[in-house]
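Colleague: One file: target.pdb (PDB, C-alpha atoms and all ligand atoms).
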ATOM      1  CA  MET A  25      -9.935  -2.139  10.017  1.00  0.00           C
ATOM      2  CA  ARG A  26      -9.082   1.497  10.593  1.00  0.00           C
ATOM      3  CA  ILE A  27      -6.256   3.308   8.815  1.00  0.00           C
ATOM      4  CA  ASP A  28      -5.156   6.779   9.902  1.00  0.00           C
ATOM      5  CA  ILE A  29      -2.981   8.527   7.333  1.00  0.00           C
ATOM      6  CA  ILE A  30      -0.916  11.549   8.326  1.00  0.00           C
ATOM      7  CA  SER A  31      -0.026  13.744   5.370  1.00  0.00           C
ATOM      8  CA  SER A  32       1.010  17.261   4.443  1.00  0.00           C
ATOM      9  CA  LEU A  33      -0.897  16.941   1.138  1.00  0.00           C
ATOM     10  CA  PRO A  34      -4.194  15.247   2.096  1.00  0.00           C
ATOM     11  CA  SER A  35      -6.015  16.282  -1.096  1.00  0.00           C
ATOM     12  CA  LEU A  36      -3.893  13.754  -3.000  1.00  0.00           C
ATOM     13  CA  PHE A  37      -5.963  10.951  -1.453  1.00  0.00           C
ATOM     14  CA  GLU A  38      -9.437  12.267  -2.351  1.00  0.00           C
ATOM     15  CA  SER A  39     -10.000  10.685  -5.755  1.00  0.00           C
ATOM     16  CA  PHE A  40      -8.003   7.623  -4.802  1.00  0.00           C
ATOM     17  CA  PHE A  41     -10.316   6.567  -1.977  1.00  0.00           C
ATOM     18  CA  ALA A  42     -13.396   7.659  -3.946  1.00  0.00           C
ATOM     19  CA  SER A  43     -12.774   5.020  -6.594  1.00  0.00           C
ATOM     20  CA  SER A  44     -14.290   1.547  -7.056  1.00  0.00           C
ATOM     21  CA  ILE A  45     -13.071  -1.238  -4.771  1.00  0.00           C
ATOM     22  CA  LEU A  46     -11.670   0.986  -2.025  1.00  0.00           C
ATOM     23  CA  ASN A  47     -14.718   3.208  -1.961  1.00  0.00           C
ATOM     24  CA  ARG A  48     -16.972   0.148  -1.709  1.00  0.00           C
ATOM     25  CA  ALA A  49     -14.922  -1.116   1.231  1.00  0.00           C
ATOM     26  CA  ILE A  50     -15.375   2.262   2.942  1.00  0.00           C
ATOM     27  CA  VAL A  51     -19.113   2.545   2.163  1.00  0.00           C
ATOM     28  CA  ASN A  52     -19.655  -1.024   3.398  1.00  0.00           C
ATOM     29  CA  LYS A  53     -17.803  -0.093   6.599  1.00  0.00           C
ATOM     30  CA  ILE A  54     -15.226  -2.834   6.144  1.00  0.00           C
ATOM     31  CA  VAL A  55     -12.513  -0.228   6.428  1.00  0.00           C
ATOM     32  CA  LYS A  56     -12.405   3.267   7.867  1.00  0.00           C
ATOM     33  CA  ILE A  57      -9.831   5.676   6.432  1.00  0.00           C
ATOM     34  CA  LYS A  58      -9.064   8.940   8.185  1.00  0.00           C
ATOM     35  CA  ILE A  59      -6.712  11.423   6.561  1.00  0.00           C
ATOM     36  CA  HIS A  60      -5.059  13.897   8.920  1.00  0.00           C
ATOM     37  CA  ASP A  61      -3.678  17.133   7.536  1.00  0.00           C
ATOM     38  CA  LEU A  62      -0.381  17.731   9.292  1.00  0.00           C
ATOM     39  CA  ARG A  63      -0.937  21.495   9.147  1.00  0.00           C
ATOM     40  CA  ASP A  64      -3.936  21.118  11.479  1.00  0.00           C
ATOM     41  CA  TYR A  65      -1.477  20.034  14.176  1.00  0.00           C
ATOM     42  CA  SER A  66       0.946  22.913  13.736  1.00  0.00           C
ATOM     43  CA  GLU A  67       0.937  25.464  16.536  1.00  0.00           C
ATOM     44  CA  ASN A  68       2.779  27.925  14.351  1.00  0.00           C
ATOM     45  CA  LYS A  69       0.610  30.879  13.265  1.00  0.00           C
ATOM     46  CA  HIS A  70       1.551  30.249   9.618  1.00  0.00           C
ATOM     47  CA  LYS A  71       0.798  26.524  10.005  1.00  0.00           C
ATOM     48  CA  LYS A  72       4.440  25.757   9.315  1.00  0.00           C
ATOM     49  CA  ILE A  73       5.275  22.074   9.348  1.00  0.00           C
ATOM     50  CA  ASP A  74       8.810  22.036   7.934  1.00  0.00           C
ATOM     51  CA  ASP A  75      12.139  23.692   8.604  1.00  0.00           C
ATOM     52  CA  TYR A  76      15.752  23.751   7.457  1.00  0.00           C
ATOM     53  CA  SER A  77      17.949  20.836   8.456  1.00  0.00           C
ATOM     54  CA  TYR A  78      20.675  21.233  11.045  1.00  0.00           C
ATOM     55  CA  GLY A  79      24.052  20.793   9.427  1.00  0.00           C
ATOM     56  CA  GLY A  80      23.060  22.738   6.349  1.00  0.00           C
ATOM     57  CA  GLU A  81      22.050  19.918   3.981  1.00  0.00           C
ATOM     58  CA  ALA A  82      19.817  21.203   1.188  1.00  0.00           C
ATOM     59  CA  GLY A  83      16.074  20.585   1.480  1.00  0.00           C
ATOM     60  CA  MET A  84      13.385  21.011   4.107  1.00  0.00           C
ATOM     61  CA  VAL A  85      12.593  18.545   6.886  1.00  0.00           C
ATOM     62  CA  LEU A  86       9.167  17.788   8.394  1.00  0.00           C
ATOM     63  CA  LYS A  87       9.190  18.990  12.014  1.00  0.00           C
ATOM     64  CA  ILE A  88       8.603  16.702  14.969  1.00  0.00           C
ATOM     65  CA  GLU A  89       6.004  18.774  16.868  1.00  0.00           C
ATOM     66  CA  PRO A  90       2.958  18.487  14.537  1.00  0.00           C
ATOM     67  CA  ILE A  91       3.668  14.809  13.828  1.00  0.00           C
ATOM     68  CA  ALA A  92       4.070  14.034  17.535  1.00  0.00           C
ATOM     69  CA  LYS A  93       0.865  15.885  18.377  1.00  0.00           C
ATOM     70  CA  CYS A  94      -1.127  14.034  15.722  1.00  0.00           C
ATOM     71  CA  ILE A  95       0.202  10.588  16.687  1.00  0.00           C
ATOM     72  CA  GLN A  96      -0.211  11.235  20.414  1.00  0.00           C
ATOM     73  CA  ASN A  97      -3.812  12.403  19.884  1.00  0.00           C
ATOM     74  CA  LEU A  98      -4.612   9.257  17.928  1.00  0.00           C
ATOM     75  CA  LYS A  99      -2.942   6.968  20.464  1.00  0.00           C
ATOM     76  CA  LYS A 100      -5.043   8.494  23.235  1.00  0.00           C
ATOM     77  CA  LYS A 101      -8.199   7.398  21.413  1.00  0.00           C
ATOM     78  CA  ARG A 102      -7.353   3.783  20.565  1.00  0.00           C
ATOM     79  CA  LYS A 103      -4.608   1.207  20.554  1.00  0.00           C
ATOM     80  CA  TYR A 104      -2.669   0.949  17.295  1.00  0.00           C
ATOM     81  CA  ASP A 105      -1.164  -2.316  16.084  1.00  0.00           C
ATOM     82  CA  THR A 106       1.573  -0.580  14.154  1.00  0.00           C
ATOM     83  CA  ILE A 107       2.782   2.840  13.042  1.00  0.00           C
ATOM     84  CA  ILE A 108       4.321   2.876   9.583  1.00  0.00           C
ATOM     85  CA  TYR A 109       6.509   5.505   7.946  1.00  0.00           C
ATOM     86  CA  MET A 110       6.621   5.507   4.128  1.00  0.00           C
ATOM     87  CA  THR A 111      10.178   6.168   3.038  1.00  0.00           C
ATOM     88  CA  PRO A 112      12.388   5.124   0.107  1.00  0.00           C
ATOM     89  CA  ASP A 113      14.963   3.696   2.532  1.00  0.00           C
ATOM     90  CA  GLY A 114      12.415   1.446   4.272  1.00  0.00           C
ATOM     91  CA  ASP A 115      11.892  -2.303   3.782  1.00  0.00           C
ATOM     92  CA  ILE A 116      10.619  -3.038   0.289  1.00  0.00           C
ATOM     93  CA  LEU A 117       6.908  -3.910   0.350  1.00  0.00           C
ATOM     94  CA  ASN A 118       6.020  -7.466  -0.630  1.00  0.00           C
ATOM     95  CA  GLN A 119       2.909  -9.649  -0.655  1.00  0.00           C
ATOM     96  CA  LYS A 120       3.766 -11.279   2.677  1.00  0.00           C
ATOM     97  CA  LYS A 121       3.821  -7.866   4.362  1.00  0.00           C
ATOM     98  CA  CYS A 122       0.509  -6.925   2.693  1.00  0.00           C
ATOM     99  CA  ASN A 123      -1.105 -10.134   3.979  1.00  0.00           C
ATOM    100  CA  GLU A 124       0.216  -9.469   7.475  1.00  0.00           C
ATOM    101  CA  LEU A 125      -1.001  -5.854   7.551  1.00  0.00           C
ATOM    102  CA  SER A 126      -4.427  -6.786   6.161  1.00  0.00           C
ATOM    103  CA  GLN A 127      -5.098  -8.648   9.433  1.00  0.00           C
ATOM    104  CA  LYS A 128      -4.447  -5.638  11.680  1.00  0.00           C
ATOM    105  CA  LYS A 129      -7.196  -3.653  13.361  1.00  0.00           C
ATOM    106  CA  ASN A 130      -5.763  -0.136  13.622  1.00  0.00           C
ATOM    107  CA  ILE A 131      -2.766   1.245  11.793  1.00  0.00           C
ATOM    108  CA  ILE A 132      -1.219   4.662  11.308  1.00  0.00           C
ATOM    109  CA  ILE A 133       0.644   5.555   8.112  1.00  0.00           C
ATOM    110  CA  LEU A 134       2.885   8.614   8.130  1.00  0.00           C
ATOM    111  CA  CYS A 135       3.779  10.111   4.754  1.00  0.00           C
ATOM    112  CA  GLY A 136       7.103  11.867   4.352  1.00  0.00           C
ATOM    113  CA  ARG A 137       7.704  14.888   2.103  1.00  0.00           C
ATOM    114  CA  TYR A 138      10.657  17.104   1.167  1.00  0.00           C
ATOM    115  CA  LYS A 139      13.838  15.575   2.602  1.00  0.00           C
ATOM    116  CA  GLY A 140      11.823  13.437   5.032  1.00  0.00           C
ATOM    117  CA  VAL A 141      10.987  13.686   8.727  1.00  0.00           C
ATOM    118  CA  ASP A 142      13.144  14.679  11.695  1.00  0.00           C
ATOM    119  CA  GLN A 143      15.032  11.507  12.709  1.00  0.00           C
ATOM    120  CA  ARG A 144      13.510  11.718  16.206  1.00  0.00           C
ATOM    121  CA  VAL A 145      10.076  10.955  14.723  1.00  0.00           C
ATOM    122  CA  ARG A 146      11.483   7.720  13.333  1.00  0.00           C
ATOM    123  CA  ASP A 147      13.259   6.875  16.571  1.00  0.00           C
ATOM    124  CA  LEU A 148      10.365   7.642  18.907  1.00  0.00           C
ATOM    125  CA  PHE A 149       7.120   6.892  17.088  1.00  0.00           C
ATOM    126  CA  ILE A 150       7.656   4.572  14.132  1.00  0.00           C
ATOM    127  CA  ASP A 151       7.380   0.762  14.354  1.00  0.00           C
ATOM    128  CA  GLN A 152       8.175  -0.031  10.733  1.00  0.00           C
ATOM    129  CA  GLU A 153       9.432   1.772   7.659  1.00  0.00           C
ATOM    130  CA  ILE A 154       8.172   0.715   4.245  1.00  0.00           C
ATOM    131  CA  SER A 155       9.324   1.550   0.727  1.00  0.00           C
ATOM    132  CA  ILE A 156       7.427   0.732  -2.453  1.00  0.00           C
ATOM    133  CA  GLY A 157      10.631   0.451  -4.467  1.00  0.00           C
ATOM    134  CA  ASN A 158      14.149   1.689  -4.943  1.00  0.00           C
ATOM    135  CA  TYR A 159      13.268   5.042  -6.435  1.00  0.00           C
ATOM    136  CA  VAL A 160      12.376   8.355  -4.847  1.00  0.00           C
ATOM    137  CA  LEU A 161       8.958   9.984  -5.191  1.00  0.00           C
ATOM    138  CA  SER A 162       8.259  13.521  -4.044  1.00  0.00           C
ATOM    139  CA  GLY A 163       6.305  12.309  -1.042  1.00  0.00           C
ATOM    140  CA  GLY A 164       4.926   9.305   0.786  1.00  0.00           C
ATOM    141  CA  GLU A 165       1.319   9.827  -0.352  1.00  0.00           C
ATOM    142  CA  ILE A 166       1.466   7.660  -3.484  1.00  0.00           C
ATOM    143  CA  PRO A 167       3.345   4.926  -1.572  1.00  0.00           C
ATOM    144  CA  ALA A 168       0.760   5.142   1.244  1.00  0.00           C
ATOM    145  CA  ALA A 169      -2.067   4.860  -1.299  1.00  0.00           C
ATOM    146  CA  ALA A 170      -0.358   1.839  -2.882  1.00  0.00           C
ATOM    147  CA  LEU A 171       0.063   0.237   0.530  1.00  0.00           C
ATOM    148  CA  CYS A 172      -3.598   0.853   1.435  1.00  0.00           C
ATOM    149  CA  ASP A 173      -4.813  -0.601  -1.859  1.00  0.00           C
ATOM    150  CA  SER A 174      -2.633  -3.686  -1.509  1.00  0.00           C
ATOM    151  CA  ILE A 175      -3.889  -4.441   1.987  1.00  0.00           C
ATOM    152  CA  ILE A 176      -7.544  -3.400   1.792  1.00  0.00           C
ATOM    153  CA  ARG A 177      -8.244  -5.637  -1.220  1.00  0.00           C
ATOM    154  CA  LEU A 178      -7.150  -8.626   0.874  1.00  0.00           C
ATOM    155  CA  ILE A 179      -9.713  -8.057   3.627  1.00  0.00           C
ATOM    156  CA  PRO A 180     -12.545 -10.613   3.334  1.00  0.00           C
ATOM    157  CA  GLY A 181     -15.640  -9.083   1.760  1.00  0.00           C
ATOM    158  CA  VAL A 182     -13.816  -6.336  -0.138  1.00  0.00           C
ATOM    159  CA  MET A 183     -13.409  -8.027  -3.520  1.00  0.00           C
ATOM    160  CA  ASN A 184     -16.461  -9.141  -5.505  1.00  0.00           C
ATOM    161  CA  ASN A 185     -14.984 -12.565  -6.004  1.00  0.00           C
ATOM    162  CA  GLU A 186     -13.441 -13.075  -2.616  1.00  0.00           C
ATOM    163  CA  SER A 187     -11.251 -15.947  -3.650  1.00  0.00           C
ATOM    164  CA  SER A 188      -9.643 -14.032  -6.475  1.00  0.00           C
ATOM    165  CA  ALA A 189      -7.146 -12.217  -4.238  1.00  0.00           C
ATOM    166  CA  LEU A 190      -5.825 -15.629  -3.250  1.00  0.00           C
ATOM    167  CA  PHE A 191      -4.777 -16.271  -6.845  1.00  0.00           C
ATOM    168  CA  ASP A 192      -2.884 -13.012  -7.242  1.00  0.00           C
ATOM    169  CA  SER A 193       0.679 -13.112  -8.390  1.00  0.00           C
ATOM    170  CA  PHE A 194       3.050 -13.496  -5.432  1.00  0.00           C
ATOM    171  CA  GLN A 195       0.567 -15.339  -3.204  1.00  0.00           C
ATOM    172  CA  ASP A 196       2.413 -18.665  -2.666  1.00  0.00           C
ATOM    173  CA  ASP A 197       5.454 -16.942  -4.201  1.00  0.00           C
ATOM    174  CA  LEU A 198       4.131 -17.751  -7.670  1.00  0.00           C
ATOM    175  CA  ILE A 199       3.326 -15.407 -10.516  1.00  0.00           C
ATOM    176  CA  ALA A 200      -0.264 -15.752 -11.763  1.00  0.00           C
ATOM    177  CA  PRO A 201      -0.762 -17.547 -15.096  1.00  0.00           C
ATOM    178  CA  PRO A 202      -1.686 -15.583 -18.262  1.00  0.00           C
ATOM    179  CA  ILE A 203      -5.378 -14.712 -18.569  1.00  0.00           C
ATOM    180  CA  TYR A 204      -7.598 -14.285 -21.625  1.00  0.00           C
ATOM    181  CA  THR A 205     -11.104 -13.123 -22.443  1.00  0.00           C
ATOM    182  CA  ARG A 206     -13.261 -12.920 -25.604  1.00  0.00           C
ATOM    183  CA  PRO A 207     -12.666 -13.030 -28.554  1.00  0.00           C
ATOM    184  CA  GLU A 208     -11.230 -16.524 -28.911  1.00  0.00           C
ATOM    185  CA  ASN A 209      -9.338 -15.415 -31.993  1.00  0.00           C
ATOM    186  CA  TRP A 210      -8.111 -11.862 -32.492  1.00  0.00           C
ATOM    187  CA  ASN A 211      -6.510 -11.355 -35.912  1.00  0.00           C
ATOM    188  CA  GLY A 212      -5.164 -14.903 -35.820  1.00  0.00           C
ATOM    189  CA  ASN A 213      -3.942 -14.680 -32.205  1.00  0.00           C
ATOM    190  CA  LYS A 214      -5.758 -17.509 -30.479  1.00  0.00           C
ATOM    191  CA  VAL A 215      -6.557 -18.220 -26.831  1.00  0.00           C
ATOM    192  CA  PRO A 216      -4.694 -21.422 -25.766  1.00  0.00           C
ATOM    193  CA  TYR A 217      -6.951 -24.335 -26.706  1.00  0.00           C
ATOM    194  CA  VAL A 218      -6.881 -25.939 -23.241  1.00  0.00           C
ATOM    195  CA  LEU A 219      -8.694 -22.930 -21.713  1.00  0.00           C
ATOM    196  CA  LEU A 220     -11.627 -23.510 -24.079  1.00  0.00           C
ATOM    197  CA  SER A 221     -11.732 -27.261 -23.454  1.00  0.00           C
ATOM    198  CA  GLY A 222     -14.000 -27.179 -20.392  1.00  0.00           C
ATOM    199  CA  ASN A 223     -11.708 -29.782 -18.791  1.00  0.00           C
ATOM    200  CA  SER A 224     -11.150 -28.250 -15.343  1.00  0.00           C
ATOM    201  CA  LYS A 225      -8.392 -30.715 -14.379  1.00  0.00           C
ATOM    202  CA  LYS A 226      -6.422 -29.939 -17.547  1.00  0.00           C
ATOM    203  CA  ILE A 227      -7.014 -26.188 -17.089  1.00  0.00           C
ATOM    204  CA  LYS A 228      -5.735 -26.353 -13.512  1.00  0.00           C
ATOM    205  CA  GLU A 229      -2.632 -28.244 -14.633  1.00  0.00           C
ATOM    206  CA  TRP A 230      -2.018 -25.770 -17.461  1.00  0.00           C
ATOM    207  CA  ASN A 231      -2.393 -22.781 -15.101  1.00  0.00           C
ATOM    208  CA  GLU A 232       0.014 -24.317 -12.591  1.00  0.00           C
ATOM    209  CA  GLU A 233       2.563 -25.097 -15.268  1.00  0.00           C
ATOM    210  CA  GLN A 234       2.354 -21.558 -16.693  1.00  0.00           C
ATOM    211  CA  SER A 235       2.736 -20.132 -13.172  1.00  0.00           C
ATOM    212  CA  ARG A 236       5.851 -22.198 -12.573  1.00  0.00           C
ATOM    213  CA  LYS A 237       7.350 -21.253 -15.947  1.00  0.00           C
ATOM    214  CA  LEU A 238       6.639 -17.544 -15.516  1.00  0.00           C
ATOM    215  CA  THR A 239       7.968 -17.517 -11.963  1.00  0.00           C
ATOM    216  CA  LYS A 240      11.186 -19.192 -13.080  1.00  0.00           C
ATOM    217  CA  LYS A 241      11.572 -16.714 -15.937  1.00  0.00           C
ATOM    218  CA  LYS A 242      10.807 -13.582 -13.910  1.00  0.00           C
ATOM    219  CA  ILE A 243      12.236 -14.473 -10.526  1.00  0.00           C
ATOM    220  CA  LYS A 244      15.359 -12.425 -11.124  1.00  0.00           C
ATOM    221  CA  ILE A 245      13.220  -9.328 -11.657  1.00  0.00           C
ATOM    222  CA  ILE A 246      11.291  -9.861  -8.415  1.00  0.00           C
ATOM    223  CA  LYS A 247      14.412 -10.369  -6.296  1.00  0.00           C
TER     224      LYS A 247
HETATM  225  N1  LIG B 301       8.638   8.370  -0.362  1.00  0.00           N
HETATM  226  C1  LIG B 301       9.323   8.761  -1.449  1.00  0.00           C
HETATM  227  N2  LIG B 301       9.682   7.732  -2.216  1.00  0.00           N
HETATM  228  C2  LIG B 301       9.190   6.615  -1.590  1.00  0.00           C
HETATM  229  C3  LIG B 301       9.236   5.240  -1.877  1.00  0.00           C
HETATM  230  N3  LIG B 301       9.863   4.775  -2.959  1.00  0.00           N
HETATM  231  N4  LIG B 301       8.633   4.389  -1.028  1.00  0.00           N
HETATM  232  C4  LIG B 301       8.031   4.848   0.079  1.00  0.00           C
HETATM  233  N5  LIG B 301       7.960   6.151   0.411  1.00  0.00           N
HETATM  234  C5  LIG B 301       8.536   7.027  -0.414  1.00  0.00           C
END
Turn the structure described in the file into structure tokens.
Ligand code: ADE

Modeller:
Amino acid sequence: MRIDIISSLPSLFESFFASSILNRAIVNKIVKIKIHDLRDYSENKHKKIDDYSYGGEAGMVLKIEPIAKCIQNLKKKRKYDTIIYMTPDGDILNQKKCNELSQKKNIIILCGRYKGVDQRVRDLFIDQEISIGNYVLSGGEIPAAALCDSIIRLIPGVMNNESSALFDSFQDDLIAPPIYTRPENWNGNKVPYVLLSGNSKKIKEWNEEQSRKLTKKKIKIIK
């Protein structure tokens, strides 16, 4: 899989993609991430990428020209399955969308900043708009990083224990059961006995029951 990220603050991604699971996926060539600095596509001598909005609303707007140039350059080189714009008014990201995107070959993610991008970018170049929640961050970089993490970890071969992503909360619309590790007893707080029993059938039943209970309890929060 190849992900091209278009950003006006590319340095924000450096440590993110240098860390553990994602870095391993890159080193093992399972995924290729290319970060494009929007300023490199500005033809303005000051590398300007934003401007005031028509109509006088406060806040700067990312201009269409550098974004168009970057996307058009990329599209000349390969076919993209989808071009995503990260924006707080997009569709809220969920596990189903992550699964779907993890099967794509080439995607472009455009990060907004300031007031957002010129509407014509959205109209002409964007296939889908994604939000990571109903709150506003100062740019689309953290949302883009969250999206990349959520999809890359699903690609076969990325996680150490490949099957573990399948048991994540929200796969099958269920929340994962509680998990415990050593010690068995911490200041009188004990690990549920069934998990120590070695009885795999009982453990499976317990996990499923906990999943169902938790999902029922928390479903209002998810929706
Ligand atoms: N840009 C700013 N806030 C955002 C959000 N919540 N989701 C996606 N992109 C954003």

Colleague: Would you kindly translate the PyMOL selection byres (((chain A and resi 196) around 12) and not hetatm) into the concrete residues it picks from this file, as a list in words?

Modeller: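 For this structure, the PyMOL selection byres (((chain A and resi 196) around 12) and not hetatm) captures Asn118, Gln119, Lys120, Asn123, Ala189, Leu190, Phe191, Asp192, Ser193, Phe194, Gln195, Asp197, Leu198, Ile199, Ala200, Glu232, Ser235, Arg236 and Thr239 of chain A.
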
Colleague: The selected residues should be written to file as a CSV table (one decimal), keeping the file's coordinate frame (atoms: C-alpha atoms).

Modeller:
chain,number,residue,atom,x,y,z
A,118,ASN,CA,6.0,-7.5,-0.6
A,119,GLN,CA,2.9,-9.6,-0.7
A,120,LYS,CA,3.8,-11.3,2.7
A,123,ASN,CA,-1.1,-10.1,4.0
A,189,ALA,CA,-7.1,-12.2,-4.2
A,190,LEU,CA,-5.8,-15.6,-3.2
A,191,PHE,CA,-4.8,-16.3,-6.8
A,192,ASP,CA,-2.9,-13.0,-7.2
A,193,SER,CA,0.7,-13.1,-8.4
A,194,PHE,CA,3.0,-13.5,-5.4
A,195,GLN,CA,0.6,-15.3,-3.2
A,197,ASP,CA,5.5,-16.9,-4.2
A,198,LEU,CA,4.1,-17.8,-7.7
A,199,ILE,CA,3.3,-15.4,-10.5
A,200,ALA,CA,-0.3,-15.8,-11.8
A,232,GLU,CA,0.0,-24.3,-12.6
A,235,SER,CA,2.7,-20.1,-13.2
A,236,ARG,CA,5.9,-22.2,-12.6
A,239,THR,CA,8.0,-17.5,-12.0

Colleague: The PyMOL selection byres (((not hetatm)) within 10 of (chain B and resi 301)) - which residues does that actually catch in the file I just gave you? List them as a PyMOL selection string.

Modeller: chain A and resi 109-117+134-140+153-168+170-171

Colleague: Any chance you could export the current selection's C-alpha atoms as a PDB file, in the frame of the given file?

Modeller:
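Result written to out.pdb:
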ATOM      1  CA  TYR A 109       6.509   5.505   7.946  1.00  0.00           C
ATOM      2  CA  MET A 110       6.621   5.507   4.128  1.00  0.00           C
ATOM      3  CA  THR A 111      10.178   6.168   3.038  1.00  0.00           C
ATOM      4  CA  PRO A 112      12.388   5.124   0.107  1.00  0.00           C
ATOM      5  CA  ASP A 113      14.963   3.696   2.532  1.00  0.00           C
ATOM      6  CA  GLY A 114      12.415   1.446   4.272  1.00  0.00           C
ATOM      7  CA  ASP A 115      11.892  -2.303   3.782  1.00  0.00           C
ATOM      8  CA  ILE A 116      10.619  -3.038   0.289  1.00  0.00           C
ATOM      9  CA  LEU A 117       6.908  -3.910   0.350  1.00  0.00           C
ATOM     10  CA  LEU A 134       2.885   8.614   8.130  1.00  0.00           C
ATOM     11  CA  CYS A 135       3.779  10.111   4.754  1.00  0.00           C
ATOM     12  CA  GLY A 136       7.103  11.867   4.352  1.00  0.00           C
ATOM     13  CA  ARG A 137       7.704  14.888   2.103  1.00  0.00           C
ATOM     14  CA  TYR A 138      10.657  17.104   1.167  1.00  0.00           C
ATOM     15  CA  LYS A 139      13.838  15.575   2.602  1.00  0.00           C
ATOM     16  CA  GLY A 140      11.823  13.437   5.032  1.00  0.00           C
ATOM     17  CA  GLU A 153       9.432   1.772   7.659  1.00  0.00           C
ATOM     18  CA  ILE A 154       8.172   0.715   4.245  1.00  0.00           C
ATOM     19  CA  SER A 155       9.324   1.550   0.727  1.00  0.00           C
ATOM     20  CA  ILE A 156       7.427   0.732  -2.453  1.00  0.00           C
ATOM     21  CA  GLY A 157      10.631   0.451  -4.467  1.00  0.00           C
ATOM     22  CA  ASN A 158      14.149   1.689  -4.943  1.00  0.00           C
ATOM     23  CA  TYR A 159      13.268   5.042  -6.435  1.00  0.00           C
ATOM     24  CA  VAL A 160      12.376   8.355  -4.847  1.00  0.00           C
ATOM     25  CA  LEU A 161       8.958   9.984  -5.191  1.00  0.00           C
ATOM     26  CA  SER A 162       8.259  13.521  -4.044  1.00  0.00           C
ATOM     27  CA  GLY A 163       6.305  12.309  -1.042  1.00  0.00           C
ATOM     28  CA  GLY A 164       4.926   9.305   0.786  1.00  0.00           C
ATOM     29  CA  GLU A 165       1.319   9.827  -0.352  1.00  0.00           C
ATOM     30  CA  ILE A 166       1.466   7.660  -3.484  1.00  0.00           C
ATOM     31  CA  PRO A 167       3.345   4.926  -1.572  1.00  0.00           C
ATOM     32  CA  ALA A 168       0.760   5.142   1.244  1.00  0.00           C
ATOM     33  CA  ALA A 170      -0.358   1.839  -2.882  1.00  0.00           C
ATOM     34  CA  LEU A 171       0.063   0.237   0.530  1.00  0.00           C
TER      35      LEU A 171
END

Colleague: Please write the residues picked by the PyMOL selection byres (((chain A and resi 80-95) around 6) and not hetatm) on this file as a ChimeraX atom specification.

Modeller: /A:65-66,73-79,96-98,138-142,145

Colleague: Using CA of Pro201 (chain A) and CA of Leu46 (chain A) as the two end points, give the distance in Å to one decimal.

Modeller: 25.2 Å

Colleague: Report, in Å to a single decimal, how far apart CA of Ser32 (chain A) and CA of Lys69 (chain A) are.

Modeller: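 CA of Ser32 (chain A) lies 16.2 Å from CA of Lys69 (chain A).
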
Colleague: Can you tell me how far CA of Met25 (chain A) sits from CA of Ser39 (chain A), in Å to one decimal?

Modeller: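 Straight-line distance from CA of Met25 (chain A) to CA of Ser39 (chain A) works out to 20.3 Å.
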
Colleague: May I ask which of the residues A:Cys122, A:Ile107, A:Val182, A:Ile59 is the closest one to Leu148 (chain A), counting only C-alpha atoms?

Modeller: A:Ile107

Colleague: So that I can see what lies close to His60 (chain A), please list as a PyMOL selection string the residues with an atom at most 8 Å from it, counting only C-alpha atoms and leaving out residues fewer than 2 positions away in the same chain.

Modeller: chain A and resi 28-31+34+58+62+64+94

Colleague: So that I can see what lies close to Trp230 (chain A), please list as a PyMOL selection string the residues with an atom at most 12 Å from it, counting only C-alpha atoms and leaving out residues fewer than 2 positions away in the same chain.

Modeller: chain A and resi 200-203+216-221+223-228+232-237

Colleague: For Ile54 (chain A), which of A:Val215, A:Glu208, A:Ile179, A:Asn231 is the closest residue, counting all atoms listed in the file?

Modeller: A:Ile179

Colleague: Pick the closest to Thr106 (chain A) from A:Phe149, A:Tyr204, A:Trp210, A:Phe40: which is it, counting only C-alpha atoms?

Modeller: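 Checking each of A:Phe149, A:Tyr204, A:Trp210, A:Phe40 against Thr106 (chain A), counting only C-alpha atoms, the winner is A:Phe149.
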
Colleague: May I ask which of the residues A:Ile45, A:Ile176, A:Val51, A:Leu33 is the closest one to Lys128 (chain A), counting all atoms listed in the file?

Modeller: A:Ile176
